[in-house]
>>> print(open('model18.txt').read())   # compact mmCIF, C-alpha atoms and all ligand atoms
# COMPACT_ATOMS: atom_id res chain seq x y z
CA MET A 165 -61.31 25.78 4.86
CA THR A 166 -59.39 22.99 6.52
CA ASP A 167 -58.08 23.86 9.90
CA LEU A 168 -54.34 24.14 9.32
CA ALA A 169 -53.43 23.50 12.92
CA SER A 170 -55.38 20.25 13.10
CA LEU A 171 -54.08 19.07 9.75
CA ASN A 172 -50.58 19.79 11.03
CA ALA A 173 -51.21 17.84 14.23
CA GLN A 174 -52.73 14.93 12.30
CA ALA A 175 -49.84 14.72 9.86
CA LEU A 176 -47.20 14.87 12.60
CA ALA A 177 -49.02 12.19 14.57
CA ALA A 178 -49.16 9.92 11.48
CA ILE A 179 -45.44 10.49 10.86
CA ASP A 180 -44.64 9.73 14.45
CA ALA A 181 -46.71 6.56 14.35
CA ALA A 182 -45.07 5.22 11.15
CA ALA A 183 -43.25 2.09 12.27
CA SER A 184 -41.43 1.35 9.01
CA LEU A 185 -39.98 3.12 5.99
CA ASP A 186 -42.91 1.84 3.90
CA ALA A 187 -45.47 3.24 6.34
CA LEU A 188 -43.61 6.57 6.36
CA GLU A 189 -43.64 6.65 2.55
CA ALA A 190 -47.42 6.12 2.63
CA VAL A 191 -47.79 9.17 4.92
CA ARG A 192 -45.59 11.21 2.60
CA ILE A 193 -47.83 10.35 -0.35
CA GLU A 194 -50.99 11.17 1.65
CA THR A 195 -49.69 14.61 2.54
CA LEU A 196 -47.09 15.77 0.01
CA GLY A 197 -47.94 13.47 -2.92
CA LYS A 198 -49.72 14.73 -6.05
CA GLN A 199 -53.16 14.12 -4.50
CA GLY A 200 -51.95 14.79 -0.96
CA SER A 201 -53.72 16.98 1.59
CA VAL A 202 -50.90 19.54 1.87
CA THR A 203 -50.51 19.63 -1.90
CA ALA A 204 -54.23 20.38 -2.25
CA LEU A 205 -53.87 23.34 0.12
CA LEU A 206 -50.93 24.66 -1.89
CA LYS A 207 -53.02 24.40 -5.06
CA SER A 208 -55.87 26.30 -3.41
CA LEU A 209 -53.64 29.35 -3.06
CA GLY A 210 -54.27 30.08 -6.77
CA GLN A 211 -57.96 30.73 -6.21
CA MET A 212 -57.53 33.08 -3.27
CA SER A 213 -57.78 36.86 -3.31
CA PRO A 214 -54.45 38.65 -2.92
CA GLU A 215 -55.25 39.65 0.68
CA GLU A 216 -56.23 36.13 1.65
CA ARG A 217 -53.12 34.75 -0.02
CA GLN A 218 -50.94 37.11 1.98
CA THR A 219 -51.96 35.49 5.26
CA GLN A 220 -52.65 31.94 4.04
CA GLY A 221 -49.51 31.63 1.87
CA PRO A 222 -46.94 31.70 4.65
CA ALA A 223 -49.13 29.49 6.85
CA ILE A 224 -49.59 26.79 4.18
CA ASN A 225 -45.89 26.88 3.18
CA GLY A 226 -44.96 26.66 6.84
CA LEU A 227 -47.16 23.57 7.13
CA ARG A 228 -45.44 22.02 4.10
CA GLU A 229 -42.01 22.68 5.58
CA ALA A 230 -42.98 21.28 8.96
CA VAL A 231 -44.32 18.07 7.38
CA THR A 232 -41.31 17.73 5.05
CA SER A 233 -38.77 18.07 7.83
CA ALA A 234 -40.70 15.77 10.17
CA ILE A 235 -40.67 13.09 7.44
CA ALA A 236 -36.93 13.54 6.88
CA ALA A 237 -36.19 13.31 10.61
CA LYS A 238 -38.34 10.21 10.97
CA LYS A 239 -36.63 8.64 7.96
CA ASP A 240 -33.21 9.18 9.55
CA ALA A 241 -34.42 7.71 12.81
CA LEU A 242 -35.91 4.62 11.11
CA GLU A 243 -32.75 4.07 9.05
CA SER A 244 -30.40 4.27 11.99
CA ALA A 245 -32.67 1.99 14.02
CA ALA A 246 -32.53 -0.54 11.15
CA LEU A 247 -28.73 -0.27 11.03
CA ASN A 248 -28.42 -0.74 14.78
CA ALA A 249 -30.68 -3.76 14.63
CA ARG A 250 -28.49 -5.28 11.90
CA LEU A 251 -25.27 -4.54 13.76
CA ALA A 252 -26.69 -6.19 16.84
CA THR A 253 -27.29 -9.43 14.94
CA GLU A 254 -23.99 -9.53 13.04
CA ARG A 255 -21.02 -10.80 14.98
CA LEU A 256 -17.39 -11.41 14.06
CA ASP A 257 -15.69 -14.22 15.91
CA MET A 258 -12.25 -12.77 16.61
CA THR A 259 -10.96 -16.13 17.77
CA LEU A 260 -11.21 -17.65 14.24
CA PRO A 261 -7.89 -17.91 12.38
CA ALA A 262 -7.46 -15.10 9.79
CA PRO A 263 -7.69 -16.16 6.13
CA ASP A 264 -4.32 -16.33 4.30
CA ALA A 265 -3.44 -12.86 3.00
CA HIS A 266 -2.32 -12.98 -0.63
CA ALA A 267 1.45 -12.66 -0.50
CA GLY A 268 3.14 -10.87 -3.39
CA SER A 269 5.76 -12.75 -5.38
CA VAL A 270 8.96 -11.82 -7.16
CA HIS A 271 8.49 -11.66 -10.94
CA PRO A 272 10.59 -14.20 -12.88
CA VAL A 273 12.34 -11.33 -14.73
CA SER A 274 13.42 -9.76 -11.43
CA GLN A 275 14.46 -13.16 -10.14
CA VAL A 276 16.59 -13.89 -13.22
CA MET A 277 18.20 -10.42 -13.06
CA ASP A 278 19.11 -11.11 -9.41
CA GLU A 279 20.51 -14.50 -10.40
CA LEU A 280 22.62 -12.90 -13.14
CA ALA A 281 23.93 -10.19 -10.80
CA GLU A 282 24.86 -12.87 -8.26
CA ILE A 283 26.65 -15.06 -10.81
CA PHE A 284 28.59 -12.19 -12.37
CA ALA A 285 29.42 -10.56 -9.02
CA ASP A 286 31.23 -13.79 -8.19
CA MET A 287 33.35 -13.29 -11.32
CA GLY A 288 34.17 -9.69 -10.35
CA PHE A 289 31.58 -7.85 -12.47
CA ALA A 290 29.85 -4.71 -11.19
CA VAL A 291 26.33 -3.70 -12.26
CA ALA A 292 26.17 -0.65 -14.58
CA GLU A 293 23.12 1.34 -15.62
CA GLY A 294 22.11 3.77 -18.35
CA PRO A 295 18.99 5.75 -19.28
CA GLU A 296 16.08 4.14 -21.11
CA ILE A 297 15.56 7.41 -23.01
CA GLU A 298 18.80 7.51 -24.99
CA ASP A 299 20.21 9.60 -27.76
CA ASP A 300 21.05 8.44 -31.20
CA TRP A 301 24.79 8.73 -30.65
CA HIS A 302 25.00 6.36 -27.65
CA ASN A 303 22.44 3.89 -29.03
CA PHE A 304 23.86 3.71 -32.56
CA THR A 305 26.67 5.96 -33.77
CA ALA A 306 29.20 5.27 -31.00
CA LEU A 307 28.49 1.55 -31.45
CA ASN A 308 29.70 1.77 -35.04
CA ILE A 309 26.18 1.95 -36.46
CA PRO A 310 26.30 5.18 -38.54
CA GLU A 311 23.15 6.83 -39.83
CA THR A 312 23.01 4.95 -43.10
CA HIS A 313 23.70 1.56 -41.52
CA PRO A 314 21.03 -1.10 -42.26
CA ALA A 315 21.15 -2.26 -38.61
CA ARG A 316 19.24 0.92 -37.71
CA ALA A 317 16.28 -0.24 -39.73
CA MET A 318 16.43 -3.71 -38.13
CA HIS A 319 15.88 -2.28 -34.66
CA ASP A 320 12.30 -0.92 -35.15
CA THR A 321 13.22 2.09 -33.04
CA PHE A 322 10.75 4.28 -31.16
CA TYR A 323 12.02 7.80 -31.93
CA PHE A 324 10.96 10.95 -30.08
CA PRO A 325 9.83 13.96 -32.14
CA GLU A 326 12.96 15.72 -33.43
CA ASP A 327 12.72 18.83 -31.28
CA ALA A 328 11.99 16.97 -28.03
CA GLY A 329 15.59 16.24 -27.12
CA GLU A 330 18.07 18.33 -25.18
CA GLU A 331 20.47 20.30 -27.35
CA ALA A 332 18.57 19.17 -30.44
CA LYS A 333 19.86 15.59 -30.07
CA GLN A 334 17.70 12.89 -31.65
CA MET A 335 16.23 11.07 -28.65
CA LEU A 336 14.83 7.53 -28.73
CA LEU A 337 13.90 4.63 -26.45
CA ARG A 338 17.04 2.50 -26.30
CA THR A 339 16.72 -0.55 -28.53
CA HIS A 340 19.34 -2.55 -26.63
CA THR A 341 21.50 -2.34 -23.51
CA SER A 342 24.65 -1.87 -25.62
CA PRO A 343 24.70 1.96 -25.14
CA VAL A 344 25.58 1.23 -21.49
CA GLN A 345 28.92 -0.07 -22.86
CA ILE A 346 29.60 3.40 -24.23
CA ARG A 347 28.51 5.22 -21.08
CA THR A 348 30.67 2.95 -18.94
CA MET A 349 33.79 3.38 -21.10
CA LEU A 350 33.30 7.16 -21.08
CA ASN A 351 32.93 7.33 -17.30
CA GLN A 352 35.31 4.67 -16.03
CA LYS A 353 38.95 3.82 -16.61
CA PRO A 354 39.93 0.26 -17.57
CA PRO A 355 40.06 -2.39 -16.29
CA ILE A 356 36.27 -2.55 -16.76
CA ARG A 357 34.10 -5.51 -15.87
CA VAL A 358 30.38 -4.73 -15.88
CA ILE A 359 27.00 -6.20 -16.61
CA ALA A 360 24.08 -3.95 -17.47
CA PRO A 361 20.59 -5.42 -17.08
CA GLY A 362 17.58 -3.32 -18.02
CA ARG A 363 14.55 -2.52 -20.13
CA VAL A 364 14.79 -2.03 -23.88
CA TYR A 365 12.15 -1.09 -26.47
CA ARG A 366 11.31 -2.07 -30.01
CA SER A 367 8.15 -1.64 -32.05
CA ASP A 368 7.35 -5.34 -32.29
CA SER A 369 4.67 -7.61 -30.81
CA ASP A 370 3.84 -11.33 -31.06
CA ALA A 371 4.22 -14.47 -28.88
CA THR A 372 7.98 -14.02 -28.64
CA HIS A 373 8.24 -10.22 -28.94
CA THR A 374 6.85 -7.43 -26.76
CA PRO A 375 7.44 -3.68 -27.33
CA MET A 376 9.30 -3.58 -23.99
CA PHE A 377 11.58 -6.41 -22.95
CA HIS A 378 14.74 -6.94 -20.92
CA GLN A 379 18.32 -7.44 -21.93
CA ILE A 380 21.58 -7.88 -20.15
CA GLU A 381 24.84 -6.61 -21.53
CA GLY A 382 28.33 -7.66 -20.47
CA LEU A 383 31.52 -5.70 -21.07
CA VAL A 384 35.15 -6.37 -20.22
CA ILE A 385 37.89 -3.90 -21.22
CA ASP A 386 41.51 -4.42 -20.25
CA LYS A 387 44.92 -5.13 -21.76
CA GLY A 388 45.51 -8.48 -23.44
CA ILE A 389 41.86 -9.62 -23.53
CA HIS A 390 41.08 -12.30 -26.13
CA MET A 391 38.26 -14.60 -27.20
CA GLY A 392 39.40 -17.31 -24.79
CA HIS A 393 38.37 -15.02 -21.93
CA LEU A 394 34.99 -14.51 -23.59
CA LYS A 395 34.36 -18.22 -24.05
CA TRP A 396 35.37 -19.10 -20.48
CA THR A 397 33.19 -16.32 -19.03
CA LEU A 398 30.11 -17.36 -21.00
CA GLU A 399 30.62 -21.04 -20.22
CA THR A 400 31.01 -20.36 -16.49
CA PHE A 401 27.97 -18.08 -16.53
CA LEU A 402 25.68 -20.48 -18.42
CA LYS A 403 26.67 -23.49 -16.27
CA ALA A 404 25.90 -21.51 -13.12
CA PHE A 405 22.67 -20.11 -14.56
CA PHE A 406 21.23 -23.42 -15.77
CA GLU A 407 22.71 -25.17 -12.73
CA ARG A 408 24.23 -27.97 -14.81
CA ASP A 409 27.82 -28.99 -15.49
CA ASP A 410 26.96 -30.61 -18.83
CA VAL A 411 26.09 -27.32 -20.54
CA VAL A 412 27.76 -27.36 -23.98
CA LEU A 413 28.36 -24.15 -25.95
CA ARG A 414 28.80 -23.65 -29.66
CA LEU A 415 30.20 -20.35 -30.95
CA ARG A 416 29.06 -19.54 -34.50
CA PRO A 417 30.71 -16.77 -36.52
CA SER A 418 28.25 -13.89 -36.85
CA TYR A 419 28.05 -10.17 -37.43
CA PHE A 420 27.37 -7.25 -35.09
CA PRO A 421 28.56 -3.75 -36.00
CA PHE A 422 30.06 -3.19 -32.54
CA THR A 423 32.14 -6.38 -32.33
CA GLU A 424 34.85 -7.86 -34.54
CA PRO A 425 35.02 -10.79 -34.70
CA SER A 426 31.46 -11.55 -33.61
CA ALA A 427 29.98 -14.83 -32.46
CA GLU A 428 26.51 -16.09 -31.73
CA VAL A 429 26.43 -18.53 -28.87
CA ASP A 430 24.24 -21.62 -28.96
CA VAL A 431 23.59 -23.84 -25.99
CA GLY A 432 23.02 -27.58 -26.47
CA TYR A 433 19.85 -29.33 -25.36
CA THR A 434 18.62 -32.90 -24.98
CA LEU A 435 15.07 -34.05 -25.70
CA VAL A 436 13.47 -35.59 -22.62
CA ASN A 437 9.89 -36.81 -23.21
CA GLY A 438 9.64 -34.43 -26.15
CA LYS A 439 10.77 -31.43 -24.08
CA ARG A 440 14.00 -29.54 -24.56
CA VAL A 441 16.25 -29.76 -21.51
CA ILE A 442 19.46 -27.70 -21.42
CA GLY A 443 22.56 -29.94 -21.40
CA GLY A 444 24.09 -32.32 -23.92
CA SER A 445 24.13 -31.58 -27.64
CA GLU A 446 21.18 -33.23 -29.40
CA GLY A 447 20.07 -29.84 -30.64
CA TRP A 448 21.12 -26.20 -30.36
CA MET A 449 19.38 -23.04 -29.20
CA GLU A 450 20.75 -19.56 -29.72
CA VAL A 451 21.14 -17.73 -26.41
CA LEU A 452 23.64 -14.88 -26.81
CA GLY A 453 25.30 -12.40 -29.13
CA SER A 454 28.93 -11.61 -28.41
CA GLY A 455 32.33 -10.70 -29.76
CA MET A 456 35.50 -8.69 -29.32
CA VAL A 457 34.68 -4.99 -28.92
CA HIS A 458 35.28 -3.26 -32.28
CA PRO A 459 38.37 -0.98 -32.23
CA ARG A 460 36.18 1.86 -33.55
CA VAL A 461 33.88 1.55 -30.51
CA ILE A 462 36.87 1.67 -28.17
CA ALA A 463 38.20 4.72 -30.02
CA ALA A 464 34.77 6.46 -29.95
CA CYS A 465 35.02 6.32 -26.16
CA GLY A 466 38.41 8.00 -26.12
CA LEU A 467 40.51 4.89 -25.46
CA ASP A 468 43.41 3.67 -27.59
CA PRO A 469 42.41 0.38 -29.26
CA ASN A 470 46.08 -0.58 -29.59
CA GLU A 471 46.38 -0.50 -25.83
CA TYR A 472 42.97 -1.80 -24.77
CA GLN A 473 40.86 -4.68 -26.01
CA GLY A 474 37.75 -6.26 -24.65
CA PHE A 475 34.78 -8.49 -25.20
CA ALA A 476 31.07 -7.86 -24.98
CA PHE A 477 27.93 -9.94 -24.97
CA GLY A 478 24.22 -9.35 -24.87
CA THR A 479 21.10 -11.44 -24.43
CA GLY A 480 17.41 -11.28 -23.56
CA VAL A 481 16.64 -11.71 -19.87
CA ASP A 482 13.04 -12.70 -20.57
CA ARG A 483 14.24 -15.35 -22.99
CA LEU A 484 16.66 -16.75 -20.40
CA ALA A 485 13.79 -16.88 -17.90
CA MET A 486 11.58 -18.71 -20.43
CA LEU A 487 14.31 -21.27 -21.13
CA LYS A 488 15.10 -21.89 -17.48
CA TYR A 489 11.61 -21.87 -16.00
CA GLY A 490 9.63 -23.23 -18.95
CA MET A 491 7.24 -20.44 -19.97
CA ASP A 492 6.32 -20.25 -23.63
CA ASP A 493 4.46 -16.97 -24.17
CA LEU A 494 6.44 -13.79 -23.58
CA ARG A 495 3.32 -11.60 -23.52
CA ALA A 496 2.14 -13.29 -20.30
CA PHE A 497 5.22 -11.78 -18.59
CA PHE A 498 3.69 -8.32 -18.80
CA ASP A 499 -0.06 -9.04 -18.46
CA GLY A 500 -0.05 -8.72 -14.66
CA ASP A 501 -2.31 -11.79 -14.29
CA LEU A 502 -2.18 -12.74 -10.59
CA ARG A 503 -2.67 -16.45 -11.40
CA TRP A 504 0.42 -16.42 -13.65
CA LEU A 505 2.43 -14.49 -11.06
CA LYS A 506 1.40 -16.91 -8.33
CA HIS A 507 2.42 -19.87 -10.44
CA TYR A 508 5.72 -18.60 -11.85
CA GLY A 509 6.66 -16.03 -9.18
CA PHE A 510 9.24 -16.52 -6.44
CA ALA A 511 8.88 -16.02 -2.71
CA ALA A 512 10.09 -12.61 -1.58
CA LEU A 513 12.83 -14.05 0.61
CA ASP A 514 13.99 -16.55 -1.99
CA VAL A 515 17.15 -14.55 -2.72
CA PRO A 516 19.42 -16.32 -5.22
CA THR A 517 22.84 -17.26 -3.90
CA LEU A 518 25.56 -19.35 -5.49
CA SER A 519 25.94 -21.46 -2.37
CA GLY A 520 22.20 -22.08 -2.17
CA GLY A 521 22.05 -22.96 -5.88
CA VAL A 522 21.10 -19.92 -7.94
CA GLY A 523 17.38 -19.85 -8.59
CA ALA A 524 16.74 -22.77 -6.25
N1 LIG A 601 22.84 -5.48 -28.85
C1 LIG A 601 22.56 -6.74 -29.52
C2 LIG A 601 21.08 -6.83 -29.78
O1 LIG A 601 20.31 -6.18 -29.16
C3 LIG A 601 23.01 -7.90 -28.68
C4 LIG A 601 24.50 -7.99 -28.59
C5 LIG A 601 25.20 -8.70 -29.52
C6 LIG A 601 25.18 -7.33 -27.59
C7 LIG A 601 26.58 -8.81 -29.45
C8 LIG A 601 26.58 -7.40 -27.51
C9 LIG A 601 27.25 -8.16 -28.46
O2 LIG A 601 27.27 -6.79 -26.56
O3 LIG A 601 28.61 -8.26 -28.37
O4 LIG A 601 20.67 -7.59 -30.59
>>> encode(input="model18.txt", output="structure tokens")
Amino acid sequence: MTDLASLNAQALAAIDAAASLDALEAVRIETLGKQGSVTALLKSLGQMSPEERQTQGPAINGLREAVTSAIAAKKDALESAALNARLATERLDMTLPAPDAHAGSVHPVSQVMDELAEIFADMGFAVAEGPEIEDDWHNFTALNIPETHPARAMHDTFYFPEDAGEEAKQMLLRTHTSPVQIRTMLNQKPPIRVIAPGRVYRSDSDATHTPMFHQIEGLVIDKGIHMGHLKWTLETFLKAFFERDDVVLRLRPSYFPFTEPSAEVDVGYTLVNGKRVIGGSEGWMEVLGSGMVHPRVIAACGLDPNEYQGFAFGTGVDRLAMLKYGMDDLRAFFDGDLRWLKHYGFAALDVPTLSGGVGA
């Protein structure tokens, strides 16, 4: 029978002498591997008499444990020595200039919303807000779009399951910012001058439509308001936004349930090297929906339409950004591609001001 004590001493000496992880692995195979010396002893236990096994068993298992833990300890020591050796050779020169950290940029939609707020603040408009999860009444009914109205079908609405709303109201994702008109009239006394920028949702997706996009709504309610006020406001706004005095508007009769009369607003463009540039009147692009607030909408908000009149308008913020800054695929707005954001984004401190030239 092999002398356990000398085998133990031999194995520990070999482990101690192993100068590399490979050498240590070789010792492990020699002792604990399938054909290893310690493994052979463990196998021999099967042939022993019960009495013999009672004394030899603990001794052989003790040997296995001693060898196993010596290998583990040596492995740790070799690994940390290797790490220390690597750390000693790697140096960082702290005197080198740091690489440019990637600076975040302001998304064109945020930039355009800030530009709009700045332009309209100068005309005395406050910013109003409403919830993106709306109810049917604010989004449609109060805006003179009753349940059977075909305009409901045109909006591709995302509805919530019927029982999900509070007080059994039909809840939905607002399809436009127009419900903010209703909320403002219900909560504020005229005179009212607000814009309401925000997210809206429709089940639609292609190069010019995304299921979520941004609109801005404008609302003025006071006594003696007429379409002349509407036209002046839009003209002043679009000249400031496109930063050109030669912006020409064309108001086309149109239909919206919540305005009467209604007008779609086109802005004139000129072709320069085959590209459309805002200004002049070689061609026309539709930019806004607008009109005089329908008396029924005013009445739905508890105001007397014989006393108060007003105008409203609405447009897509993303579309305005595309026209002003020359992007052509709306989907890229919401892809979160850093290269796109770097190219079209604005510096964080590039806050739009009228004096500095909005958007400059
Ligand atoms: N809510 C309309 C839409 O989403 C846009 C609009 C048109 C808003 C005319 C208005 C308006 O306030 O007067 O298509």
>>> atom_distance(input="model18.txt", atom1="CA of Val441 in chain A", atom2="CA of Ala404 in chain A")
15.2 Å
>>> atom_distance(input="model18.txt", atom1="CA of Leu350 in chain A", atom2="CA of Leu415 in chain A")
29.4 Å
>>> residues_near_ligand(input="model18.txt", ligand="ligand LIG 601 (chain A)", cutoff="8 Å", atoms="all atoms listed in the file", output="JSON, numbers by chain")
{"A": [339, 340, 341, 342, 345, 379, 381, 382, 383, 420, 422, 423, 426, 427, 428, 452, 453, 454, 455, 456, 457, 475, 476, 477, 478, 479]}
>>> write_last_selection(input="model18.txt", atoms="C-alpha atoms", output="CSV table (one decimal), in the frame of the given file")
chain,number,residue,atom,x,y,z
A,339,THR,CA,16.7,-0.6,-28.5
A,340,HIS,CA,19.3,-2.6,-26.6
A,341,THR,CA,21.5,-2.3,-23.5
A,342,SER,CA,24.6,-1.9,-25.6
A,345,GLN,CA,28.9,-0.1,-22.9
A,379,GLN,CA,18.3,-7.4,-21.9
A,381,GLU,CA,24.8,-6.6,-21.5
A,382,GLY,CA,28.3,-7.7,-20.5
A,383,LEU,CA,31.5,-5.7,-21.1
A,420,PHE,CA,27.4,-7.2,-35.1
A,422,PHE,CA,30.1,-3.2,-32.5
A,423,THR,CA,32.1,-6.4,-32.3
A,426,SER,CA,31.5,-11.6,-33.6
A,427,ALA,CA,30.0,-14.8,-32.5
A,428,GLU,CA,26.5,-16.1,-31.7
A,452,LEU,CA,23.6,-14.9,-26.8
A,453,GLY,CA,25.3,-12.4,-29.1
A,454,SER,CA,28.9,-11.6,-28.4
A,455,GLY,CA,32.3,-10.7,-29.8
A,456,MET,CA,35.5,-8.7,-29.3
A,457,VAL,CA,34.7,-5.0,-28.9
A,475,PHE,CA,34.8,-8.5,-25.2
A,476,ALA,CA,31.1,-7.9,-25.0
A,477,PHE,CA,27.9,-9.9,-25.0
A,478,GLY,CA,24.2,-9.4,-24.9
A,479,THR,CA,21.1,-11.4,-24.4
>>> atom_distance(input="model18.txt", atom1="CA of Arg357 in chain A", atom2="CA of Val291 in chain A")
8.8 Å
>>> residues_around(input="model18.txt", residues="range 195-207 of chain A", least_positions_apart="2", cutoff="9 Å", atoms="only C-alpha atoms", output="ChimeraX atom specification")
/A:166,171,175,190-193,209-211,221,224-225,227-228,231-232
>>> residues_around(input="model18.txt", residues="Thr400 in chain A", least_positions_apart="6", cutoff="10 Å", atoms="all atoms listed in the file", output="number ranges by chain")
A: 283-284, 287, 409, 411
>>> closest_atom_pairs(input="model18.txt", of="range 246-274 of chain A", to="range 481-491 of chain A", cutoff="10 Å", atoms="all atoms listed in the file", output="Markdown table")
| residue | atom | partner | partner_atom | distance |
| --- | --- | --- | --- | --- |
| A:Pro272 | CA | A:Ala485 | CA | 6.5 |
| A:Val273 | CA | A:Asp482 | CA | 6.0 |
| A:Ser274 | CA | A:Val481 | CA | 9.2 |
>>> write_last_selection(input="model18.txt", atoms="C-alpha atoms", output="PDB file, in the coordinates of the input")
ATOM      1  CA  PRO A 272      10.590 -14.200 -12.880  1.00  0.00           C
ATOM      2  CA  VAL A 273      12.340 -11.330 -14.730  1.00  0.00           C
ATOM      3  CA  SER A 274      13.420  -9.760 -11.430  1.00  0.00           C
TER       4      SER A 274
END
>>> axis_aligned_box(input="model18.txt", around="range 433-440 of chain A", padding_each_side="3 Å", output="lines of an AutoDock Vina configuration file")
center_x = 14.7
center_y = -33.1
center_z = -24.4
size_x = 16.2
size_y = 13.5
size_z = 9.5
>>> closest_residue(input="model18.txt", among="A:Arg347, A:Leu502, A:Phe405, A:Asp410", to="Gln275 in chain A", atoms="only C-alpha atoms")
A:Phe405
>>> closest_residue(input="model18.txt", among="A:Asp370, A:Asp468, A:Asp492, A:Asp430", to="Glu450 in chain A", atoms="all atoms listed in the file")
A:Asp430
>>> residues_around(input="model18.txt", residues="range 299-308 of chain A", least_positions_apart="4", cutoff="7 Å", atoms="only C-alpha atoms", output="PyMOL selection string")
chain A and resi 333-336+338+343+346+421-422+460-461+464
>>> closest_residue(input="model18.txt", among="A:Ala360, A:Ala183, A:Ala241, A:Ala249", to="Val344 in chain A", atoms="only C-alpha atoms")
A:Ala360
>>> residues_around(input="model18.txt", residues="Gly268 in chain A", least_positions_apart="5", cutoff="12 Å", atoms="only C-alpha atoms", output="list of chain:residue names")
A:Gly500, A:Leu502, A:Arg503, A:Trp504, A:Leu505, A:Lys506, A:His507, A:Tyr508, A:Gly509, A:Phe510, A:Ala511, A:Ala512, A:Leu513
>>> closest_residue(input="model18.txt", among="A:Ala265, A:Leu435, A:Val451, A:Ala234", to="Asn172 in chain A", atoms="all atoms listed in the file")
A:Ala234
